[in-house]
Structure formats: C-alpha cells, structure tokens
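Engineer: There's a structure below that I have some questions on.
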Amino acid sequence: MEMPDIFQIGNYTFNITESNFSIATLSHEFYVEIKANIAQPQKAIDEELLSDYEDGEISWQFACLGIYQNGIPTGEFTLEEDKTTNPYFYLRRGGFHYNLDFYGKIIFRDGLMICEGDLKNSYDDKPIFPVKIYQKFDCKSLDWKDYHFSSVQETEGVADEIIQYLNLKKDDAVFPSKVFQFKNLKTLTIGDYQDYYSQTHAPLSNIPEEIGVLSKLEGLTIINTAIKSLPDSVGKLKKLETLNVMNCQLESLPDSLFLLPKLKYIFADNNKIATIPDHIQLSNLNSLSIANNQLRTLPESVASLPKLKSLKIDGNPFERLAAIFNQVKGLQMNIKDKRRLLDFEYRGADGKGLLKWDDSQFFMQPNSPLLQPVVEIIKKNKLTTHQTDLLALAKKSVGFTIVGAETNDKIGNTRFGGMPDLPKSIKYPTFKYDYDKTTYKYEFIAQINCAEIAKCCIMTVRRY
C-alpha cells in the first residue's frame with residue numbers, strides 16, 4: 001500500500017503548499033524544501049508551536065551529501081537540537097516558535113522522505129510536539145551532474161562523464177586512480193576543512209603526475225595532508241581558477257603553477273614553503289595567501305601582478321622585501337615586520353625628504369593666573385598630594401584681560417557681549433531644541449579681532 005504525503009506536527013495537520021527535491025546548482029547538495037500552512041494558526045501560536053510573525057506559514061529545509069545510491073537518495077540522519085554529527089547535513093526551519101528544536105530522524109529511501117521525531121524546548125520538558133512528515137518525490141527528475149560526490153565509493157554506478165564535483169576521504173593514504181577517469185571533473189577536494197587546525201595530518205603524501213589529465217578542473221583543494229610537493233603537471237590545468245593547499249607539509253610550489261592563465265586564487269597558508277619562483281605570469285591572480293611558511297623574501301614580480309588585490313604573507317621569517325611591496329594595497333603582514341622590512345619614510349616631491357619645522361612657538365604653556373583658582377580649590381579640599389594629576393585634567397582655556405573701554409563704533413573690533421558684526425547675507429545663527437522643537441538663537445559671547453590681540457599675546461593650544 002502506497003504511503004500518502006503527511007505533514008503533521010502535534011495535533012495539527014498542515015497543508016503542503018510547495019515541495020522541492022533537487023540538486024542545488026550552487027552548493028551542489030541534495031536539497032529539500034517543504035512549505036506548508038494551517039488556515040487558523042492562532043491556537044498553534046498560543047500553544048507556542050508557531051511564531052506569531054508568519055501567519056501560519058512554515059518551511060522545512062535541509063541539504064546533505066553522501067546520499068547517492070544508484071540514482072536514489074538513500075540515507076539516515078539523527079538530529080538533536082536541529083543538529084547532526086554528519087558534516088554534510090544541515091536543517092533550517094521557518095515559522096516555528098523560537099524555543100523549539102527538532103529531535104529525531106530524517107530518512108531517505110525508495111523515493112520517500114521520512115521525518116519523525118519531536119519539536120521541543122531544549123531547556124524545558126514542555127511543550128513537546130510529535131513530528132510526522134512523509135513526502136514522496138521523483139528520483140528521475142534529479143540532475144546528478146550538479147551533485148558533489150563525497151567519496152570515490154559514492155560514485156559507484158555513476159557514468160564517469162556525470163561526475164563534476166568530488167571529495168576524497170581524508171583517510172585515503174593513496175590517491176585513487178579511478179579519479180583520472182572523471183574527465184569532466186571541475187572541483188576536487190582532498191581532506192576536510194573541519195580538520196584544518198589539527199596537528200595530525202592525513203596520511204596522503206603524494207599527488208600523482210596523472211592529475212594533469214583533468215583538463216576541466218577549475219578548483220583543487222587539499223587540506224591537512226602530508227604532501228610535500230605538487231607535481232609539475234598542475235601546469236596542464238589550464239582552466240584552474242582556485243588552488244587551495246593549506247595546513248599540509250608543502251615545501252615548494254611548482255614553477256608551472258605560476259604560468260596558469262586563469263588562476264585567480266592561491267591559498268597556501270600553514271605549510272613549509274621556502275621559495276617562490278621569480279618568473280610569474282599570472283595575469284588574473286586576485287589573491288595570494290601564503291602566510292605561516294618559511295619564506296625569506298618574495299620576487300618583485302609578485303608585487304607587479306596587474307590584478308592582485310590581496311597579498312597575505314604574515315608569519316614568514318622574511319629577511320628582505322623589495323621597496324615595490326610598499327605599493328601593494330592589499331598587503332597583509334604584521335606591523336612589526338612592515339616597519340622592519342619596508343621603508344615608510346616620506347621623501348617629498350623632490351625626493352629630499354621633509355623640511356625641518358620648528359613649531360615650538362605655537363605651543364601654549366600653562367598659565368599660572370588661569371590655574372590659580374583650581375589650585376586654591378585643591379588646597380581647600382586637602383588634595384595637594386594629587387595636584388599634578390588634577391591639574392592635568394583641567395579643561396584647556398584661554399584667558400582675556402580687557403585693557404580699555406569697549407566701543408561699538410567700529411565694525412569688526414574685539415567685543416564681549418552685545419551683538420556680533422555679521423555680514424548682511426548671514427542670518428543670526430539659531431538651533432532647534434529636539435525636546436519641544438522650538439527654535440532658539442545662540443547667545444553671543446564675544447568676537448575677537450586677532451590683529452588687535454597679536455601684539456600682546458600668542459594663543460595656541462598646548463599638546464599633551
């Protein structure tokens with residue numbers, strides 16, 4: 001008897017409005033999305049099953065790898081708090097109460113998706129909503145050429161020309177020769193990003209010369225293995241755009257790599273690379289990341305790459321760098337090494353450097369009369385032992401002494417109080433108080449004619 005489609009959570013039966021079973025063209029995963037709703041969601045909202053933002057609309061999405069079996073998605077995933085230990089699986093839900101997580105199993109077999117378990121609060125015993133989702137799908141509609149196979153074993157029964165995206169198992173000690181049959185391979189990944197910081201490297205120590213036959217390869221990633229070198233045949237990978245060899249034992253990069261016409265990204269951090277070849281023709285290279293290696297210098301040709309936007313070279317025992325590296329805007333290295341290796345001195349338009357400049361005449365010195373009231377307050381409060389520190393906190397000020405009668409008979413003279421001499425084109429300045437939105441005029445304090453006071457004092461700001 002054929003099992004009907006069911007979407008039931010707790011006492012609520014949802015109406016399935018949309019379902020999608022496909023191979024995602026960007027992530028290359030087996031992707032599932034089911035949308036459903038209930039007509040009158042308020043009770044489910046009150047019981048804290050549904051969010052009160054989505055009006056009864058929910059979605060159930062997940063994606064995974066490692067489920068190919070003779071053209072039929074097959075596998076079982078156990079989840080707690082929406083998570084599973086399988087690194088190639090994730091679950092996303094929408095429209096549910098934020099306190100709820102899924103505990104249960106998701107199973108694929110014979111063109112059927114089964115989801116059974118509970119939605120419940122991770123920090124409380126209640127509420128608990130049993131979940132039963134059964135959904136049929138058409139396996140023949142799946143386009144496996146976009147799928148990322150998680151191992152060579154998973155490719156069993158698949159036509160060689162179908163396989164374009166492949167992972168090798170991190171514990172493979174020998175590179176599988178069967179890979180060279182996959183002439184349409186676009187990306188090849190060896191190792192696991194989750195082991196990037198591991199101190200123990202995977203046993204693979206050799207990449208065969210035959211890798212050059214994978215002429216359509218666009219991305220090659222090797223993470224946390226024991227390899228010490230790459231074969232010269234990588235120079236035959238004319239379509240290669242990304243090379244990622246990180247946290248391995250790599251001692252060098254082949255000269256042929258630096259002649260690839262489409263190469264955009266090289267990530268080779270955390271290896272033992274000691275030299276970079278002088279002859280580099282990477283007209284499309286956008287990023288070179290080679291931090292934490294054994295480089296003592298870099299060829300000037302690196303800094304001259306026309307499209308280079310990021311150069312990450314931190315953590316190398318550099319002894320020298322050419323001055324041209326000052327011009328690399330995306331240079332990433334610690335400031336100590338920058339100062340040690342590169343010359344940041346400005347030499348002026350004529351190349352002779354800056355003129356000597358004596359600006360001591362502009363420094364204001366502490367003024368005893370202005371500070372005296374503060375000193376008196378310090379004494380009165382018996383804080384003399386802290387006088388130096390307290391005076392350092394005093395706000396900077398400028399003092400004026402009026403030595404003659406003020407008059408308004410001259411435009412632009414020094415004046416305290418009254419009204420300012422403003423050009424007719426400038427209105428008296430105002431401001432609007434945010435609290436009551438009323439417009440007020442600024443209070444006039446003074447206008448200073450600097451020519452008049454220049455003879456008797458020098459006003460500057462003291463620097464600390």
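We label chains A, B, ... in the order they appear in the structure tokens, count residues from 1 in each chain, and number ligands from 1 in the order shown.
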Find the spatial neighbours of region 368-378 of chain A, counting only C-alpha atoms, within a cut-off of 9 Å - ignore same-chain residues fewer than 3 positions away - and output them as number ranges by chain.
Structural biologist: A: 381-384, 386-387, 390-391, 394, 397-399
Engineer: Export, as a PDB file, in the first residue's frame, the selected residues with C-alpha atoms.
Structural biologist:
```pdb
ATOM      1  CA  ASN A 381      39.869  70.187  49.779  1.00  0.00           C
ATOM      2  CA  LYS A 382      43.264  68.935  51.052  1.00  0.00           C
ATOM      3  CA  LEU A 383      44.165  67.258  47.777  1.00  0.00           C
ATOM      4  CA  THR A 384      47.611  68.793  47.353  1.00  0.00           C
ATOM      5  CA  HIS A 386      47.297  64.826  43.874  1.00  0.00           C
ATOM      6  CA  GLN A 387      47.707  68.353  42.496  1.00  0.00           C
ATOM      7  CA  LEU A 390      44.290  67.008  38.937  1.00  0.00           C
ATOM      8  CA  LEU A 391      45.745  69.963  37.051  1.00  0.00           C
ATOM      9  CA  ALA A 394      41.715  70.718  33.938  1.00  0.00           C
ATOM     10  CA  SER A 397      41.050  77.582  28.305  1.00  0.00           C
ATOM     11  CA  VAL A 398      42.161  80.955  27.009  1.00  0.00           C
ATOM     12  CA  GLY A 399      42.082  83.979  29.297  1.00  0.00           C
TER      13      GLY A 399
END
```
Engineer: Write out as an mmCIF file with C-alpha atoms, in the first residue's frame which residues come within 6 Å of region 120-125 of chain A when counting only C-alpha atoms, dropping same-chain ones fewer than 4 positions away.
Structural biologist:
```cif
data_model
loop_
_atom_site.group_PDB
_atom_site.id
_atom_site.type_symbol
_atom_site.label_atom_id
_atom_site.label_comp_id
_atom_site.auth_asym_id
_atom_site.auth_seq_id
_atom_site.Cartn_x
_atom_site.Cartn_y
_atom_site.Cartn_z
ATOM 1 C CA ASN A 99 12.163 27.990 21.632
ATOM 2 C CA LEU A 100 11.684 24.797 19.646
ATOM 3 C CA ASP A 101 14.353 22.441 18.268
#
```
Engineer: Among region 216-315 of chain A, which ones does DSSP place in strand (DSSP E), written as a PDB file with C-alpha atoms, in the first residue's frame?
Structural biologist:
```
ATOM      1  CA  GLY A 219      39.252  24.159  -8.295  1.00  0.00           C
ATOM      2  CA  LEU A 220      41.739  21.972  -6.413  1.00  0.00           C
ATOM      3  CA  THR A 221      41.613  21.900  -2.614  1.00  0.00           C
ATOM      4  CA  ILE A 222      43.957  19.896  -0.388  1.00  0.00           C
ATOM      5  CA  ILE A 223      43.526  20.329   3.365  1.00  0.00           C
ATOM      6  CA  THR A 242      41.487  28.255  -7.407  1.00  0.00           C
ATOM      7  CA  LEU A 243      44.296  26.328  -5.731  1.00  0.00           C
ATOM      8  CA  ASN A 244      43.866  25.750  -2.022  1.00  0.00           C
ATOM      9  CA  VAL A 245      46.642  23.756  -0.340  1.00  0.00           C
ATOM     10  CA  MET A 246      46.523  24.608   3.365  1.00  0.00           C
ATOM     11  CA  TYR A 265      43.283  32.475  -6.085  1.00  0.00           C
ATOM     12  CA  ILE A 266      46.193  30.711  -4.401  1.00  0.00           C
ATOM     13  CA  PHE A 267      45.766  29.774  -0.743  1.00  0.00           C
ATOM     14  CA  SER A 287      44.638  36.840  -4.188  1.00  0.00           C
ATOM     15  CA  LEU A 288      47.816  35.170  -2.945  1.00  0.00           C
ATOM     16  CA  SER A 289      47.706  33.891   0.625  1.00  0.00           C
ATOM     17  CA  SER A 310      45.212  40.726  -1.613  1.00  0.00           C
ATOM     18  CA  LEU A 311      48.664  39.528  -0.570  1.00  0.00           C
ATOM     19  CA  LYS A 312      48.720  37.726   2.776  1.00  0.00           C
TER      20      LYS A 312
END
```
Engineer: Which neighbours of Ala24 (chain A) fall inside 12 Å, counting only C-alpha atoms, when residues of the same chain fewer than 2 positions from it are skipped, and could you give them as a VMD selection string?
Structural biologist: chain A and resid 20 to 22 26 to 33 62 to 65 142 to 148
Engineer: Filtering to N, CA and C atoms, could you give me those residues as a PDB file, in the first residue's frame?
Structural biologist:
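Listed below is the output, out_4.pdb:
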```pdb
ATOM      1  N   ASN A  20      10.093  20.830  -2.889  1.00  0.00           N
ATOM      2  CA  ASN A  20      11.182  20.887  -3.858  1.00  0.00           C
ATOM      3  C   ASN A  20      12.255  19.889  -3.464  1.00  0.00           C
ATOM      4  N   PHE A  21      12.531  18.939  -4.320  1.00  0.00           N
ATOM      5  CA  PHE A  21      13.617  17.969  -4.144  1.00  0.00           C
ATOM      6  C   PHE A  21      14.517  18.128  -5.363  1.00  0.00           C
ATOM      7  N   SER A  22      15.744  18.593  -5.146  1.00  0.00           N
ATOM      8  CA  SER A  22      16.605  18.896  -6.285  1.00  0.00           C
ATOM      9  C   SER A  22      18.068  18.823  -5.887  1.00  0.00           C
ATOM     10  N   LEU A  26      24.344  25.722  -6.929  1.00  0.00           N
ATOM     11  CA  LEU A  26      25.435  26.481  -6.317  1.00  0.00           C
ATOM     12  C   LEU A  26      26.163  25.678  -5.256  1.00  0.00           C
ATOM     13  N   SER A  27      25.425  25.081  -4.320  1.00  0.00           N
ATOM     14  CA  SER A  27      26.065  24.317  -3.241  1.00  0.00           C
ATOM     15  C   SER A  27      26.324  22.872  -3.630  1.00  0.00           C
ATOM     16  N   HIS A  28      25.670  22.395  -4.711  1.00  0.00           N
ATOM     17  CA  HIS A  28      25.856  21.032  -5.223  1.00  0.00           C
ATOM     18  C   HIS A  28      25.414  19.962  -4.217  1.00  0.00           C
ATOM     19  N   GLU A  29      24.470  20.309  -3.351  1.00  0.00           N
ATOM     20  CA  GLU A  29      23.944  19.371  -2.366  1.00  0.00           C
ATOM     21  C   GLU A  29      22.579  18.863  -2.812  1.00  0.00           C
ATOM     22  N   PHE A  30      22.158  17.734  -2.237  1.00  0.00           N
ATOM     23  CA  PHE A  30      20.779  17.283  -2.372  1.00  0.00           C
ATOM     24  C   PHE A  30      19.956  18.165  -1.447  1.00  0.00           C
ATOM     25  N   TYR A  31      19.041  18.917  -2.037  1.00  0.00           N
ATOM     26  CA  TYR A  31      18.328  19.963  -1.298  1.00  0.00           C
ATOM     27  C   TYR A  31      16.833  19.647  -1.245  1.00  0.00           C
ATOM     28  N   VAL A  32      16.255  19.835  -0.059  1.00  0.00           N
ATOM     29  CA  VAL A  32      14.832  19.598   0.151  1.00  0.00           C
ATOM     30  C   VAL A  32      14.220  20.823   0.814  1.00  0.00           C
ATOM     31  N   GLU A  33      13.107  21.281   0.270  1.00  0.00           N
ATOM     32  CA  GLU A  33      12.345  22.359   0.918  1.00  0.00           C
ATOM     33  C   GLU A  33      10.862  22.043   0.814  1.00  0.00           C
ATOM     34  N   PHE A  62      16.354  21.261   4.310  1.00  0.00           N
ATOM     35  CA  PHE A  62      17.634  20.654   4.658  1.00  0.00           C
ATOM     36  C   PHE A  62      18.395  20.281   3.395  1.00  0.00           C
ATOM     37  N   ALA A  63      19.694  20.137   3.556  1.00  0.00           N
ATOM     38  CA  ALA A  63      20.566  19.771   2.447  1.00  0.00           C
ATOM     39  C   ALA A  63      21.613  18.792   2.953  1.00  0.00           C
ATOM     40  N   CYS A  64      22.059  17.906   2.089  1.00  0.00           N
ATOM     41  CA  CYS A  64      23.025  16.889   2.527  1.00  0.00           C
ATOM     42  C   CYS A  64      23.805  16.340   1.344  1.00  0.00           C
ATOM     43  N   LEU A  65      24.904  15.681   1.671  1.00  0.00           N
ATOM     44  CA  LEU A  65      25.720  14.936   0.717  1.00  0.00           C
ATOM     45  C   LEU A  65      25.848  13.499   1.222  1.00  0.00           C
ATOM     46  N   LEU A 142      16.033  14.234 -10.678  1.00  0.00           N
ATOM     47  CA  LEU A 142      17.254  14.771 -10.086  1.00  0.00           C
ATOM     48  C   LEU A 142      18.397  14.779 -11.095  1.00  0.00           C
ATOM     49  N   ASP A 143      19.056  15.922 -11.228  1.00  0.00           N
ATOM     50  CA  ASP A 143      20.162  16.072 -12.172  1.00  0.00           C
ATOM     51  C   ASP A 143      21.471  15.882 -11.407  1.00  0.00           C
ATOM     52  N   TRP A 144      22.017  14.688 -11.427  1.00  0.00           N
ATOM     53  CA  TRP A 144      23.174  14.349 -10.604  1.00  0.00           C
ATOM     54  C   TRP A 144      24.479  14.956 -11.121  1.00  0.00           C
ATOM     55  N   LYS A 145      24.476  15.547 -12.285  1.00  0.00           N
ATOM     56  CA  LYS A 145      25.723  16.156 -12.775  1.00  0.00           C
ATOM     57  C   LYS A 145      26.111  17.382 -11.942  1.00  0.00           C
ATOM     58  N   ASP A 146      25.154  17.944 -11.196  1.00  0.00           N
ATOM     59  CA  ASP A 146      25.446  19.082 -10.319  1.00  0.00           C
ATOM     60  C   ASP A 146      25.775  18.643  -8.896  1.00  0.00           C
ATOM     61  N   TYR A 147      25.751  17.361  -8.634  1.00  0.00           N
ATOM     62  CA  TYR A 147      25.916  16.851  -7.267  1.00  0.00           C
ATOM     63  C   TYR A 147      27.395  16.723  -6.906  1.00  0.00           C
ATOM     64  N   HIS A 148      27.722  17.034  -5.647  1.00  0.00           N
ATOM     65  CA  HIS A 148      29.093  16.916  -5.141  1.00  0.00           C
ATOM     66  C   HIS A 148      29.230  15.571  -4.426  1.00  0.00           C
TER      67      HIS A 148
END
```
Engineer: Given only C-alpha atoms as the basis, pick out the residue of A:Asn286, A:Gln447, A:Thr297, A:Thr74 nearest to Gly412 (chain A).
Structural biologist: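 Among the listed residues, A:Gln447 lies closest to Gly412 (chain A).
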Engineer: Please provide the set of residues having any atom within 6 Å of region 41-53 of chain A, restricted to only C-alpha atoms, with same-chain residues fewer than 5 positions apart removed, written as a list in words.
Structural biologist: Gly95, Phe96 and His97 of chain A
Engineer: Since we have the selection now, will you write its residues out, keeping N, CA and C atoms, as a tab-separated table (two decimals), in the first residue's frame?
Structural biologist:
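New file result_23.tsv:
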```
chain	number	residue	atom	x	y	z
A	95	GLY	N	9.10	29.72	10.63
A	95	GLY	CA	7.70	29.86	11.03
A	95	GLY	C	7.36	29.25	12.37
A	96	PHE	N	8.33	28.57	13.02
A	96	PHE	CA	8.07	27.92	14.30
A	96	PHE	C	8.48	28.84	15.46
A	97	HIS	N	7.97	28.52	16.65
A	97	HIS	CA	8.34	29.27	17.85
A	97	HIS	C	9.84	29.14	18.08
```
Engineer: From a DSSP pass on the backbone, collect the residues of region 10-82 of chain A flagged as alpha helix (DSSP H) and hand them back as a PyMOL selection string.
Structural biologist: chain A and resi 42-46
Engineer: Could you check the closest approach to Met419 (chain A) for each of A:Lys216, A:Lys183, A:Lys441, A:Lys336 and tell me which residue wins, using only C-alpha atoms?
Structural biologist: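 Smallest separation from Met419 (chain A) among the options: A:Lys441.
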Engineer: In Å, rounded to a single decimal, give me how far CA of Glu241 (chain A) is from CA of Pro261 (chain A).
Structural biologist: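 For CA of Pro261 (chain A) relative to CA of Glu241 (chain A), the distance reads 8.7 Å.
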Engineer: Write out as a list in words each polymer residue whose atoms come within 10 Å of Tyr103 (chain A), counting only C-alpha atoms; drop sequence neighbours fewer than 5 positions from it.
Structural biologist: Thr78, Leu79, Glu80, Glu81, Asp82, Lys83, Thr84, Glu116, Gly117, Asp118, Leu119, Lys120, Ser122, Pro130 and Val131 of chain A
Engineer: Any idea what the distance is between CA of Ser360 (chain A) and CA of Lys396 (chain A)?
Structural biologist: 18.0 Å
Engineer: Report as a PyMOL selection string all protein, DNA and RNA residues lying within 9 Å of Asn326 (chain A), evaluated on only C-alpha atoms, omitting residues in the same chain fewer than 2 positions from it.
Structural biologist: chain A and resi 303+322-324+328-329+331+342-344
Engineer: Considering only C-alpha atoms, return as a ChimeraX atom specification whatever protein or nucleic-acid residues lie within 12 Å of Ser256 (chain A), sequence-local ones (same chain, fewer than 5 positions apart) excluded.
Structural biologist: /A:212,230-238,261,263,276-282
Engineer: Let's have the selection written as a short mmCIF file (atom, residue, chain, number, x, y, z; two decimals), in the first residue's frame, with N, CA and C atoms.
Structural biologist:
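Result written to out_8.cif:
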```cif
data_model
loop_
_atom_site.label_atom_id
_atom_site.label_comp_id
_atom_site.auth_asym_id
_atom_site.auth_seq_id
_atom_site.Cartn_x
_atom_site.Cartn_y
_atom_site.Cartn_z
N GLY A 212 47.28 15.91 -14.25
CA GLY A 212 47.27 16.83 -15.39
C GLY A 212 46.23 16.47 -16.44
N LEU A 230 53.72 19.39 -5.10
CA LEU A 230 52.72 19.19 -6.14
C LEU A 230 53.44 18.84 -7.43
N PRO A 231 52.87 17.99 -8.25
CA PRO A 231 53.54 17.61 -9.50
C PRO A 231 53.57 18.76 -10.49
N ASP A 232 54.57 18.75 -11.39
CA ASP A 232 54.67 19.79 -12.42
C ASP A 232 53.46 19.77 -13.34
N SER A 233 52.76 18.65 -13.40
CA SER A 233 51.62 18.52 -14.31
C SER A 233 50.45 19.42 -13.94
N VAL A 234 50.47 20.07 -12.76
CA VAL A 234 49.40 21.03 -12.48
C VAL A 234 49.44 22.17 -13.48
N GLY A 235 50.57 22.35 -14.13
CA GLY A 235 50.69 23.37 -15.17
C GLY A 235 49.85 23.06 -16.39
N LYS A 236 49.33 21.82 -16.49
CA LYS A 236 48.44 21.45 -17.59
C LYS A 236 46.98 21.78 -17.30
N LEU A 237 46.69 22.21 -16.08
CA LEU A 237 45.31 22.50 -15.69
C LEU A 237 44.98 23.94 -16.11
N LYS A 238 44.82 24.15 -17.39
CA LYS A 238 44.69 25.50 -17.95
C LYS A 238 43.41 26.21 -17.51
N PRO A 261 46.93 30.55 -16.95
CA PRO A 261 46.32 31.79 -17.43
C PRO A 261 45.06 32.22 -16.68
N LEU A 263 44.27 31.32 -13.36
CA LEU A 263 44.38 31.20 -11.91
C LEU A 263 44.10 32.54 -11.22
N ILE A 276 59.51 31.13 -3.76
CA ILE A 276 58.54 31.36 -4.84
C ILE A 276 59.35 31.65 -6.09
N PRO A 277 59.03 31.03 -7.23
CA PRO A 277 59.84 31.25 -8.44
C PRO A 277 59.81 32.70 -8.89
N ASP A 278 60.90 33.16 -9.49
CA ASP A 278 61.00 34.55 -9.95
C ASP A 278 60.09 34.82 -11.15
N HIS A 279 59.93 33.83 -12.01
CA HIS A 279 59.19 34.04 -13.25
C HIS A 279 57.71 33.74 -13.01
N ILE A 280 56.91 34.80 -12.91
CA ILE A 280 55.48 34.65 -12.62
C ILE A 280 54.68 35.35 -13.71
N GLN A 281 53.75 34.63 -14.32
CA GLN A 281 52.87 35.20 -15.34
C GLN A 281 51.42 34.85 -15.00
N LEU A 282 50.92 35.42 -13.94
CA LEU A 282 49.55 35.17 -13.50
C LEU A 282 48.75 36.45 -13.71
#
```
Engineer: Provide the CA of Gly71 (chain A) to CA of Cys139 (chain A) distance in Å, to one decimal place.
Structural biologist: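 Between CA of Gly71 (chain A) and CA of Cys139 (chain A) the gap is 7.0 Å.
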